[in-house]
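Chemist: Pasting run00.cif below, which is mmCIF, C-alpha atoms and all ligand atoms.
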data_query
loop_
_atom_site.label_atom_id
_atom_site.label_comp_id
_atom_site.auth_asym_id
_atom_site.auth_seq_id
_atom_site.Cartn_x
_atom_site.Cartn_y
_atom_site.Cartn_z
CA MET A 1 180.79 148.64 203.31
CA ASN A 2 178.17 149.29 200.62
CA VAL A 3 175.04 151.27 201.25
CA VAL A 4 172.23 151.57 198.73
CA LEU A 5 170.41 154.81 199.49
CA GLY A 6 166.83 154.80 198.18
CA VAL A 7 165.30 158.26 197.74
CA CYS A 8 161.53 158.66 197.29
CA GLY A 9 159.22 161.44 196.08
CA SER A 10 159.05 163.52 199.22
CA ILE A 11 159.62 167.19 199.81
CA ALA A 12 162.47 166.01 202.10
CA ALA A 13 164.31 164.36 199.16
CA TYR A 14 166.85 167.22 199.14
CA ARG A 15 168.04 166.10 202.59
CA ALA A 16 169.21 162.79 201.09
CA ALA A 17 172.09 164.66 199.44
CA ASP A 18 173.56 165.55 202.84
CA LEU A 19 172.84 162.06 204.11
CA ALA A 20 174.74 160.55 201.17
CA ARG A 21 177.72 162.78 202.03
CA ASN A 22 177.52 161.92 205.73
CA LEU A 23 177.44 158.20 204.92
CA MET A 24 180.47 158.60 202.66
CA ARG A 25 182.34 160.55 205.35
CA SER A 26 181.61 157.66 207.71
CA GLY A 27 183.36 155.28 205.32
CA PHE A 28 180.46 153.81 203.34
CA THR A 29 180.40 153.41 199.57
CA VAL A 30 177.07 154.93 198.60
CA ARG A 31 174.98 154.16 195.54
CA VAL A 32 171.69 155.95 195.11
CA CYS A 33 168.43 154.68 193.65
CA LEU A 34 165.76 157.30 192.92
CA THR A 35 162.08 156.63 192.41
CA ASP A 36 160.36 158.37 189.48
CA ALA A 37 158.65 160.74 191.90
CA ALA A 38 161.97 161.54 193.62
CA GLN A 39 163.17 163.04 190.32
CA LYS A 40 160.50 165.71 190.61
CA PHE A 41 162.46 166.99 193.64
CA VAL A 42 166.11 166.05 193.01
CA THR A 43 168.19 164.95 190.03
CA PRO A 44 170.35 161.88 189.43
CA ALA A 45 173.19 164.23 188.48
CA LEU A 46 173.26 165.63 192.04
CA PHE A 47 173.83 162.19 193.56
CA GLU A 48 176.15 160.99 190.79
CA VAL A 49 178.45 163.94 191.36
CA LEU A 50 178.26 163.60 195.15
CA THR A 51 178.84 159.84 195.28
CA GLY A 52 180.93 159.26 192.15
CA ASN A 53 178.61 156.37 191.29
CA PRO A 54 175.82 156.09 188.72
CA CYS A 55 172.24 156.31 190.04
CA LEU A 56 169.65 153.70 189.26
CA ILE A 57 166.09 154.78 188.44
CA ASP A 58 164.40 152.56 185.90
CA THR A 59 164.00 148.83 186.59
CA PHE A 60 165.66 148.13 183.26
CA ASP A 61 168.68 150.40 183.86
CA GLU A 62 171.84 148.42 183.24
CA PRO A 63 175.02 150.42 183.98
CA GLU A 64 177.04 147.23 183.41
CA MET A 65 176.10 145.51 180.16
CA GLY A 66 174.60 142.06 180.59
CA ARG A 67 174.22 142.34 184.38
CA MET A 68 170.85 142.72 186.07
CA ALA A 69 171.45 145.79 188.17
CA HIS A 70 168.58 145.14 190.60
CA ILE A 71 170.10 141.78 191.55
CA ASP A 72 173.69 143.09 191.60
CA TRP A 73 172.82 146.04 193.83
CA ALA A 74 170.62 143.89 196.09
CA ARG A 75 173.46 141.37 196.56
CA GLN A 76 176.22 143.91 197.02
CA ALA A 77 174.38 146.14 199.50
CA ASP A 78 175.44 145.55 203.10
CA ILE A 79 172.67 147.88 204.23
CA ILE A 80 169.77 149.48 202.35
CA VAL A 81 168.66 152.89 203.59
CA ILE A 82 165.44 154.45 202.34
CA ALA A 83 165.40 158.12 203.27
CA PRO A 84 163.07 159.82 202.81
CA ALA A 85 160.63 156.91 202.51
CA THR A 86 157.19 157.87 201.21
CA ALA A 87 153.92 156.32 202.37
CA ASN A 88 153.57 154.87 198.87
CA THR A 89 156.95 153.10 198.86
CA ILE A 90 156.56 151.90 202.47
CA ASN A 91 153.20 150.33 201.63
CA LYS A 92 154.57 148.78 198.46
CA ILE A 93 157.55 147.22 200.23
CA ALA A 94 155.35 145.83 203.01
CA THR A 95 153.17 144.02 200.47
CA GLY A 96 156.03 142.80 198.30
CA ILE A 97 155.37 144.96 195.25
CA GLY A 98 158.34 145.51 192.95
CA ASP A 99 157.16 147.90 190.27
CA ASP A 100 160.18 150.18 190.13
CA MET A 101 163.92 149.81 190.62
CA LEU A 102 163.95 150.64 194.36
CA THR A 103 161.16 148.27 195.38
CA THR A 104 162.61 145.54 193.12
CA ILE A 105 166.02 145.85 194.83
CA VAL A 106 164.32 145.61 198.25
CA LEU A 107 162.45 142.47 197.11
CA ALA A 108 165.72 140.90 196.00
CA THR A 109 167.85 141.66 199.06
CA THR A 110 168.58 139.74 202.24
CA SER A 111 170.39 142.74 203.79
CA PRO A 112 169.03 144.81 206.66
CA ILE A 113 166.91 147.80 205.72
CA VAL A 114 166.73 151.16 207.47
CA ILE A 115 163.56 153.13 206.67
CA ALA A 116 163.20 156.81 207.53
CA PRO A 117 159.62 157.87 206.72
CA ALA A 118 158.75 161.46 205.81
CA MET A 119 155.22 162.52 205.06
CA ASN A 120 152.18 164.56 205.99
CA PRO A 121 151.12 163.62 209.58
CA GLN A 122 147.77 162.27 208.36
CA MET A 123 149.53 160.02 205.86
CA TYR A 124 151.76 158.84 208.71
CA VAL A 125 148.93 157.89 211.09
CA ASN A 126 146.93 156.34 208.25
CA ASP A 127 146.05 152.74 209.21
CA ALA A 128 147.65 151.29 206.08
CA THR A 129 150.92 153.16 206.62
CA GLN A 130 151.10 152.18 210.30
CA ALA A 131 150.27 148.54 209.52
CA ALA A 132 152.96 148.51 206.83
CA LEU A 133 155.57 150.01 209.16
CA ARG A 134 154.77 147.52 211.94
CA LYS A 135 154.88 144.65 209.44
CA LEU A 136 158.27 145.80 208.16
CA GLU A 137 159.51 146.09 211.75
CA ALA A 138 158.38 142.53 212.44
CA HIS A 139 160.53 141.52 209.46
CA ALA A 140 163.49 143.25 211.12
CA ALA A 141 163.55 146.55 209.22
CA ILE A 142 164.78 149.43 211.35
CA ILE A 143 162.34 152.33 211.32
CA VAL A 144 163.86 155.70 212.16
CA GLU A 145 160.62 157.33 213.24
CA PRO A 146 159.80 160.80 211.89
CA GLN A 147 159.86 163.79 214.19
CA GLU A 148 156.97 165.89 215.37
CA GLY A 149 156.87 169.48 214.13
CA ASP A 150 155.60 171.80 211.40
CA VAL A 151 155.64 170.00 208.06
CA ALA A 152 155.90 171.55 204.59
CA CYS A 153 152.14 171.35 203.94
CA GLY A 154 151.50 173.67 206.89
CA GLU A 155 150.21 171.04 209.32
CA HIS A 156 151.69 170.19 212.68
CA GLY A 157 152.28 166.59 213.72
CA GLN A 158 154.58 163.61 213.35
CA GLY A 159 155.93 163.30 209.84
CA LYS A 160 159.17 165.28 209.51
CA LEU A 161 162.11 163.22 208.32
CA ALA A 162 164.33 162.27 211.29
CA SER A 163 167.61 164.15 211.54
CA ASN A 164 170.45 162.90 209.35
CA GLN A 165 172.36 162.20 212.57
CA GLU A 166 169.63 159.83 213.78
CA ILE A 167 169.54 158.02 210.43
CA LEU A 168 173.33 157.84 210.38
CA ASN A 169 173.37 156.50 213.96
CA ALA A 170 171.00 153.68 212.97
CA VAL A 171 173.20 152.76 210.00
CA MET A 172 176.42 153.02 212.03
CA THR A 173 175.10 150.87 214.87
CA LEU A 174 173.88 148.29 212.38
CA ALA A 175 177.21 148.31 210.54
CA ALA A 176 179.21 147.98 213.77
CA THR A 177 177.23 145.10 215.15
CA ARG A 178 176.28 143.16 212.05
CA LYS A 179 176.66 139.40 212.08
CA SER A 180 178.76 139.16 215.23
CA LEU A 181 176.30 136.62 216.68
CA ILE A 182 176.23 134.13 213.80
CA GLY A 183 175.90 130.59 215.18
CA LYS A 184 174.92 131.85 218.66
CA HIS A 185 171.69 131.18 220.52
CA VAL A 186 170.28 134.18 222.38
CA VAL A 187 167.47 133.67 224.89
CA ILE A 188 165.48 136.72 225.97
CA THR A 189 162.86 136.95 228.69
CA SER A 190 160.35 139.68 228.00
CA GLY A 191 157.18 141.38 229.17
CA PRO A 192 155.44 141.15 232.54
CA THR A 193 154.34 138.07 234.44
CA GLN A 194 150.80 137.61 235.72
CA GLU A 195 150.42 136.06 239.16
CA ALA A 196 146.92 134.66 239.59
CA ILE A 197 144.81 135.66 242.62
CA ASP A 198 141.85 133.62 241.39
CA ASP A 199 140.63 132.46 237.97
CA VAL A 200 139.88 136.01 236.76
CA ARG A 201 142.30 138.31 238.62
CA TYR A 202 146.05 138.64 238.77
CA LEU A 203 148.95 140.79 239.99
CA SER A 204 151.11 142.26 237.23
CA ASN A 205 153.03 145.37 236.11
CA HIS A 206 153.28 147.84 233.23
CA SER A 207 155.97 146.09 231.18
CA SER A 208 155.01 146.24 227.47
CA GLY A 209 157.55 143.80 226.04
CA LYS A 210 158.90 146.50 223.67
CA MET A 211 162.47 146.11 224.96
CA GLY A 212 162.20 142.34 224.47
CA VAL A 213 161.04 142.89 220.88
CA ALA A 214 163.98 145.25 220.27
CA LEU A 215 166.46 142.76 221.75
CA ALA A 216 165.03 139.93 219.64
CA ARG A 217 165.28 142.01 216.48
CA ALA A 218 168.79 143.20 217.31
CA ALA A 219 169.99 139.66 218.03
CA GLN A 220 168.52 138.47 214.74
CA LEU A 221 170.09 141.33 212.82
CA MET A 222 173.40 140.26 214.35
CA GLY A 223 172.87 136.74 213.05
CA ALA A 224 171.75 134.90 216.22
CA ARG A 225 169.10 132.24 216.64
CA VAL A 226 166.62 133.78 219.04
CA THR A 227 164.22 132.37 221.61
CA VAL A 228 161.92 134.72 223.48
CA VAL A 229 160.20 133.60 226.67
CA SER A 230 157.42 136.13 226.98
CA GLY A 231 154.75 137.00 229.48
CA PRO A 232 151.39 138.27 228.17
CA VAL A 233 152.02 141.22 225.77
CA LYS A 234 150.36 142.83 222.76
CA VAL A 235 153.60 143.54 220.86
CA GLN A 236 154.68 141.37 217.95
CA TYR A 237 157.99 139.52 218.10
CA PRO A 238 160.06 139.02 214.92
CA LEU A 239 158.59 136.26 212.80
CA ASN A 240 161.77 134.18 212.77
CA ALA A 241 162.16 134.15 216.56
CA GLN A 242 160.92 131.17 218.54
CA VAL A 243 158.44 132.55 221.07
CA VAL A 244 157.44 130.61 224.20
CA ARG A 245 154.37 132.18 225.82
CA VAL A 246 154.01 131.97 229.59
CA GLN A 247 151.94 133.70 232.27
CA SER A 248 153.47 133.31 235.71
CA ALA A 249 157.02 133.66 237.02
CA LEU A 250 157.12 129.92 237.76
CA GLU A 251 156.22 129.14 234.15
CA MET A 252 158.79 131.67 232.94
CA LEU A 253 161.48 130.02 235.07
CA ASP A 254 160.75 126.56 233.62
CA ALA A 255 160.63 127.84 230.03
CA THR A 256 163.83 129.88 230.43
CA LEU A 257 165.74 126.97 231.95
CA ALA A 258 164.55 124.75 229.09
CA ALA A 259 165.52 127.28 226.41
CA GLY A 260 168.77 128.22 228.15
CA ALA A 261 170.37 124.76 228.02
CA ASP A 262 172.28 125.59 224.80
CA ALA A 263 172.17 129.39 225.08
CA ASP A 264 175.28 131.52 224.58
CA ILE A 265 173.61 134.66 225.89
CA VAL A 266 170.58 134.99 228.16
CA ILE A 267 169.07 138.44 228.64
CA GLY A 268 166.51 138.96 231.37
CA ALA A 269 164.42 141.86 230.10
CA ALA A 270 161.16 140.58 231.61
CA ALA A 271 159.62 142.43 234.54
CA VAL A 272 159.08 139.37 236.70
CA ALA A 273 156.77 139.74 239.69
CA ASP A 274 158.84 139.43 242.88
CA TYR A 275 155.89 137.90 244.73
CA ARG A 276 152.84 135.77 243.93
CA PRO A 277 149.69 135.05 245.95
CA ALA A 278 150.31 132.11 248.29
CA ILE A 279 146.96 130.63 247.33
CA ARG A 280 145.18 130.76 243.98
CA THR A 281 141.46 130.70 244.76
CA ALA A 282 139.42 128.51 242.44
CA GLY A 283 136.68 130.50 240.71
CA LYS A 284 136.32 134.08 242.01
CA VAL A 285 137.14 135.70 245.34
CA ARG A 286 133.71 137.06 246.35
CA ARG A 287 133.05 140.61 247.51
CA SER A 288 132.17 141.15 251.19
CA ASP A 289 132.27 144.03 253.68
CA ALA A 290 135.22 142.52 255.55
CA SER A 291 138.74 143.62 254.65
CA LEU A 292 140.77 141.14 252.65
CA SER A 293 144.44 140.28 253.13
CA LEU A 294 146.41 138.67 250.38
CA GLU A 295 149.36 136.60 251.50
CA LEU A 296 152.26 136.83 249.05
CA VAL A 297 155.20 134.47 248.77
CA PRO A 298 158.45 135.26 246.96
CA ASN A 299 158.93 134.09 243.39
CA PRO A 300 162.21 132.43 242.39
CA ASP A 301 164.85 134.74 240.91
CA ILE A 302 164.81 133.59 237.27
CA ILE A 303 167.96 135.24 236.00
CA ALA A 304 170.00 134.25 239.08
CA THR A 305 168.82 130.63 238.70
CA VAL A 306 169.78 130.64 235.02
CA ALA A 307 173.24 132.10 235.81
CA LYS A 308 173.78 129.40 238.45
CA THR A 309 172.50 126.55 236.26
CA TYR A 310 174.39 127.57 233.10
CA PRO A 311 177.69 129.16 234.18
CA GLY A 312 179.00 128.95 230.59
CA ALA A 313 176.39 131.40 229.26
CA SER A 314 176.70 135.19 229.40
CA VAL A 315 173.72 136.08 231.55
CA VAL A 316 172.69 139.73 231.53
CA GLY A 317 170.04 141.21 233.80
CA PHE A 318 167.98 144.38 233.66
CA ALA A 319 167.39 146.65 236.62
CA ALA A 320 164.50 149.07 236.12
CA GLU A 321 165.17 151.54 238.92
CA PRO A 322 163.30 154.66 240.03
CA SER A 323 166.56 156.66 240.12
CA SER A 324 169.92 156.93 238.38
CA GLU A 325 171.77 155.44 241.38
CA LEU A 326 173.71 152.32 240.39
CA ASP A 327 174.09 150.81 243.88
CA VAL A 328 171.10 148.49 243.48
CA ALA A 329 172.30 147.40 240.03
CA ARG A 330 175.79 146.63 241.39
CA GLU A 331 174.33 144.67 244.30
CA LYS A 332 172.12 142.64 241.90
CA LEU A 333 175.09 141.98 239.60
CA GLU A 334 177.08 140.47 242.49
CA ARG A 335 174.24 138.59 244.18
CA LYS A 336 172.90 137.05 240.97
CA ASN A 337 176.37 136.31 239.58
CA LEU A 338 175.65 138.01 236.23
CA ALA A 339 178.05 138.91 233.42
CA ALA A 340 176.54 142.40 233.34
CA ILE A 341 173.44 144.32 234.33
CA ALA A 342 171.66 147.02 232.30
CA SER A 343 170.15 149.66 234.52
CA ASN A 344 167.53 152.11 233.33
CA ASP A 345 166.01 154.95 235.29
CA VAL A 346 162.24 154.44 234.88
CA SER A 347 161.49 157.71 236.71
CA GLN A 348 162.66 159.70 233.66
CA PRO A 349 159.92 160.75 231.23
CA GLY A 350 160.09 159.24 227.74
CA ILE A 351 162.13 156.14 228.56
CA GLY A 352 161.46 152.75 230.12
CA PHE A 353 158.05 151.07 230.41
CA ASP A 354 155.93 151.25 227.24
CA SER A 355 157.99 154.04 225.64
CA ASP A 356 159.85 153.70 222.34
CA GLN A 357 163.14 155.01 223.68
CA ASN A 358 165.49 153.91 226.38
CA GLU A 359 168.77 154.90 227.98
CA LEU A 360 170.89 152.15 229.49
CA VAL A 361 173.83 152.11 231.86
CA LEU A 362 175.62 148.78 231.65
CA VAL A 363 177.58 147.71 234.71
CA THR A 364 179.90 144.80 233.93
CA ARG A 365 181.45 142.17 236.14
CA ALA A 366 184.86 143.70 235.38
CA GLY A 367 183.65 146.92 237.01
CA GLN A 368 183.10 148.98 233.84
CA THR A 369 180.19 151.42 233.64
CA LEU A 370 179.11 152.02 230.03
CA GLU A 371 176.38 154.41 228.86
CA SER A 372 174.26 153.98 225.72
CA GLY A 373 172.86 157.52 225.67
CA ARG A 374 169.20 158.01 224.72
CA LEU A 375 168.37 155.81 221.73
CA SER A 376 165.41 153.99 220.22
CA LYS A 377 164.86 150.67 222.02
CA LEU A 378 166.30 148.92 218.95
CA GLY A 379 169.35 151.19 219.07
CA CYS A 380 169.75 150.36 222.78
CA ALA A 381 169.36 146.65 222.05
CA LEU A 382 172.02 146.71 219.30
CA TRP A 383 174.32 148.69 221.58
CA LEU A 384 173.73 146.31 224.51
CA LEU A 385 174.36 143.14 222.49
CA ASP A 386 177.48 144.70 220.99
CA GLN A 387 178.80 145.33 224.52
CA VAL A 388 177.92 141.76 225.57
CA VAL A 389 179.81 140.37 222.55
CA ARG A 390 182.87 142.37 223.67
CA LEU A 391 182.72 141.16 227.29
C1 LIG A 401 155.00 168.53 196.50
C2 LIG A 401 154.78 167.09 196.94
C3 LIG A 401 155.35 166.66 198.08
C4 LIG A 401 155.16 165.34 198.51
N1 LIG A 401 155.74 164.93 199.68
C5 LIG A 401 155.52 163.67 200.11
C6 LIG A 401 156.10 163.23 201.31
O1 LIG A 401 156.84 163.95 202.00
N2 LIG A 401 155.83 161.98 201.71
C7 LIG A 401 155.03 161.12 201.00
O2 LIG A 401 154.82 160.00 201.44
N3 LIG A 401 154.49 161.52 199.83
C8 LIG A 401 154.71 162.76 199.37
N4 LIG A 401 154.14 163.17 198.18
C9 LIG A 401 153.37 162.19 197.40
C10 LIG A 401 154.31 161.22 196.66
O3 LIG A 401 155.23 161.95 195.85
C11 LIG A 401 153.48 160.26 195.80
O4 LIG A 401 152.71 159.42 196.64
C12 LIG A 401 154.36 159.42 194.90
O5 LIG A 401 153.56 158.52 194.18
C13 LIG A 401 155.42 158.68 195.66
O6 LIG A 401 156.18 157.89 194.81
P1 LIG A 401 157.41 157.05 195.31
O7 LIG A 401 157.00 156.35 196.57
O8 LIG A 401 157.67 156.07 194.20
O9 LIG A 401 158.57 157.96 195.49
C14 LIG A 401 154.36 164.46 197.74
C15 LIG A 401 153.78 164.92 196.56
C16 LIG A 401 154.00 166.21 196.15
C17 LIG A 401 153.36 166.68 194.87
#
Now that the file is in, can you turn its structure into structure tokens?

Modeler:
Amino acid sequence: MNVVLGVCGSIAAYRAADLARNLMRSGFTVRVCLTDAAQKFVTPALFEVLTGNPCLIDTFDEPEMGRMAHIDWARQADIIVIAPATANTINKIATGIGDDMLTTIVLATTSPIVIAPAMNPQMYVNDATQAALRKLEAHAAIIVEPQEGDVACGEHGQGKLASNQEILNAVMTLAATRKSLIGKHVVITSGPTQEAIDDVRYLSNHSSGKMGVALARAAQLMGARVTVVSGPVKVQYPLNAQVVRVQSALEMLDATLAAGADADIVIGAAAVADYRPAIRTAGKVRRSDASLSLELVPNPDIIATVAKTYPGASVVGFAAEPSSELDVAREKLERKNLAAIASNDVSQPGIGFDSDQNELVLVTRAGQTLESGRLSKLGCALWLLDQVVRL
């Protein structure tokens, strides 16, 4: 597999030399493209000796006579990795500028891109940089977020290049799972539901939809057609996914059954309210000194209904549990007749609701218990879909 490693003008550029070696040790053919600013920190000779391949720098470089290198490299790359990625290059890529060899290759490629930013913490939180990163994510780039710590300029904050192991993990997961869902339709439920009490109030939960976004991006990276049935969330789903917006569990059930008719895989990542108010009051429930009881009635079990209606689909549930015990997950797997269930312990700090990381334990119908380890939500999603493909 071919990797184009783009190196930008960051103080962390020296770390790309080790990354190139690590990628080669993992079986990738590595070709390096340096920006002009990167050459202030590292030399083409370093990477040419390490990789055995010529580096590209100038847009008009042409190692093979008569061939446009930016198109050749863009076509031949299975994965493009930009590490370290500067604020400048990130912003250029997000707006479609191609004014050097690296950004021109990125413009010309259809391959997945892994971006590992490294910069001063203020440059990282800068509105333009954040908007560019989120835009690139929405277009299915994988961002290996920088670490928090002391950076070279003496400040403390988020901006240190992620570890080579983290960058390598992102590339490896992508390489292992790429394109195994071509021609498949993946339906994902995501986010919370809102169960109306009256016209202005509702019952809901803390689900952010981030896991649903990660699953949608992972499924797309693996070549699937993706439909997301989403409760109300602020997160942005990938632009090529079909998104059906719903509010209540009843609406989510209808939309998921409609989308699931030709689905190969259905993943229930939504945090569906178990109960809804028996009566929705028109207008507003008025304040009084008397106590107020709300009668709740059970909502239908969406994922169990989908599994029963479409037995040919691989239906996978999520169990957000307040402990690492798997008994509840196993019971749900059996009762709902699922292919597998992904359990995550939401009592652990740093994973689960609204966080950017997760740690899944997948219990399969065949009785296997598989662990993802702690990964970004996208890493978890790629891992999960890879396991589902193998079921
Ligand atoms: C010593 C030094 C270190 C720098 N480190 C970074 C960095 O880590 N991240 C970053 O975004 N910019 C950094 N810059 C600024 C970039 O080099 C500058 O924006 C440049 O135009 C980036 O070009 P490129 O994106 O084409 O590589 C640094 C500049 C200097 C002088």

Chemist: Using all atoms listed in the file, find the one residue out of A:Ile90, A:Ala278, A:Ala241, A:Val171 that sits nearest to ligand LIG 401 (chain A).

Modeler: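 When distances to ligand LIG 401 (chain A) are compared using all atoms listed in the file, the smallest one comes from A:Ile90.
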
Chemist: Chain A near ligand LIG 401 (chain A) within 9 Å: what's each residue's closest atom pair and its distance in Å to one decimal, counting only C-alpha atoms and all ligand atoms, ordered by chain then ascending residue number, as a tab-separated table?

Modeler:
residue	atom	partner	partner_atom	distance
A:Val7	CA	A:LIG401	O9	7.1
A:Cys8	CA	A:LIG401	O9	3.5
A:Gly9	CA	A:LIG401	O9	3.6
A:Ser10	CA	A:LIG401	O1	3.6
A:Ile11	CA	A:LIG401	N1	4.5
A:Ala12	CA	A:LIG401	O1	6.0
A:Ala13	CA	A:LIG401	O1	8.0
A:Leu34	CA	A:LIG401	O9	7.7
A:Thr35	CA	A:LIG401	O8	4.8
A:Asp36	CA	A:LIG401	O8	5.9
A:Ala37	CA	A:LIG401	O9	4.5
A:Ala38	CA	A:LIG401	O9	5.3
A:Gln39	CA	A:LIG401	O9	8.6
A:Lys40	CA	A:LIG401	O3	8.3
A:Phe41	CA	A:LIG401	C1	8.1
A:Pro84	CA	A:LIG401	O1	7.5
A:Ala85	CA	A:LIG401	O2	6.7
A:Thr86	CA	A:LIG401	O2	3.2
A:Ala87	CA	A:LIG401	O2	3.9
A:Asn88	CA	A:LIG401	O7	4.4
A:Thr89	CA	A:LIG401	O7	4.0
A:Ile90	CA	A:LIG401	O7	7.4
A:Asn91	CA	A:LIG401	O7	8.7
A:Lys92	CA	A:LIG401	O7	8.2
A:Asp100	CA	A:LIG401	O8	7.6
A:Leu102	CA	A:LIG401	O8	8.3
A:Thr103	CA	A:LIG401	O8	8.6
A:Pro117	CA	A:LIG401	O2	7.4
A:Ala118	CA	A:LIG401	O1	4.9
A:Met119	CA	A:LIG401	N2	3.4
A:Asn120	CA	A:LIG401	O1	6.2
A:Met123	CA	A:LIG401	O2	6.9
A:Tyr124	CA	A:LIG401	O2	8.0
A:Val151	CA	A:LIG401	O1	8.6
A:Ala152	CA	A:LIG401	O1	8.1
A:Cys153	CA	A:LIG401	C3	8.2
A:Gly159	CA	A:LIG401	O1	7.9
A:Lys160	CA	A:LIG401	O1	8.0
A:Leu161	CA	A:LIG401	O1	8.3

Chemist: How far is it from CA of Asn240 in chain A to CA of Ala313 in chain A, in Å with one decimal?

Modeler: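 CA of Ala313 in chain A lies at a distance of 22.2 Å from CA of Asn240 in chain A.
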
Chemist: Taking 5 positions as the minimum chain separation for residues in the same chain, which residues sit within 12 Å of Arg335 in chain A when counting only C-alpha atoms? Answer as a PyMOL selection string.

Modeler: chain A and resi 301+303-305+307-308+317+328-330+340-341+365

Chemist: Output the selection as a short mmCIF file (atom, residue, chain, number, x, y, z; two decimals), in the frame of the given file - C-alpha atoms for each residue.

Modeler:
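Saved file out.cif follows:
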data_model
loop_
_atom_site.label_atom_id
_atom_site.label_comp_id
_atom_site.auth_asym_id
_atom_site.auth_seq_id
_atom_site.Cartn_x
_atom_site.Cartn_y
_atom_site.Cartn_z
CA ASP A 301 164.85 134.74 240.91
CA ILE A 303 167.96 135.24 236.00
CA ALA A 304 170.00 134.25 239.08
CA THR A 305 168.82 130.63 238.70
CA ALA A 307 173.24 132.10 235.81
CA LYS A 308 173.78 129.40 238.45
CA GLY A 317 170.04 141.21 233.80
CA VAL A 328 171.10 148.49 243.48
CA ALA A 329 172.30 147.40 240.03
CA ARG A 330 175.79 146.63 241.39
CA ALA A 340 176.54 142.40 233.34
CA ILE A 341 173.44 144.32 234.33
CA ARG A 365 181.45 142.17 236.14
#

Chemist: In terms of the shortest atom-to-atom distance over all atoms listed in the file, which of A:Leu250, A:Leu133, A:Leu326, A:Met172 is closest to Gly27 in chain A?

Modeler: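 Ranking A:Leu250, A:Leu133, A:Leu326, A:Met172 by distance to Gly27 in chain A, first place goes to A:Met172.
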
Chemist: Determine, counting all atoms listed in the file, which protein, DNA and RNA residues have an atom within 9 Å of an atom of Leu385 in chain A; residues of the same chain fewer than 5 positions away are not included. Present the result as a list of chain:residue names.

Modeler: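 Neighbouring residues, sequence-local ones excluded: A:Thr177, A:Leu181, A:Leu215, A:Ala218, A:Ala219, A:Met222, A:Cys380, A:Arg390.
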
Chemist: Taking the point (160.2, 132.8, 218.0) as given in the file, collect each protein or nucleic acid residue that comes within 7 Å of it, counting all atoms listed in the file, and present the set as a ChimeraX atom specification.

Modeler: /A:226-228,238-243

Chemist: Which one is closest to Leu56 in chain A: A:Pro121, A:Gly96, A:Gly191, A:Gly6? Count only C-alpha atoms.

Modeler: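 Ranked by minimum distance to Leu56 in chain A, first place goes to A:Gly6.
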
Chemist: Rounded to one decimal place, report the CA of Thr110 in chain A-CA of Leu46 in chain A distance in Å.

Modeler: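 Separating CA of Thr110 in chain A from CA of Leu46 in chain A is a distance of 28.2 Å.
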
Chemist: When distances are computed from all atoms listed in the file, which of A:Asp262, A:Glu359, A:Glu166, A:Asp327 shows the smallest separation from Asp345 in chain A?

Modeler: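 Once distances to Asp345 in chain A are computed over all atoms listed in the file, the minimum belongs to A:Glu359.
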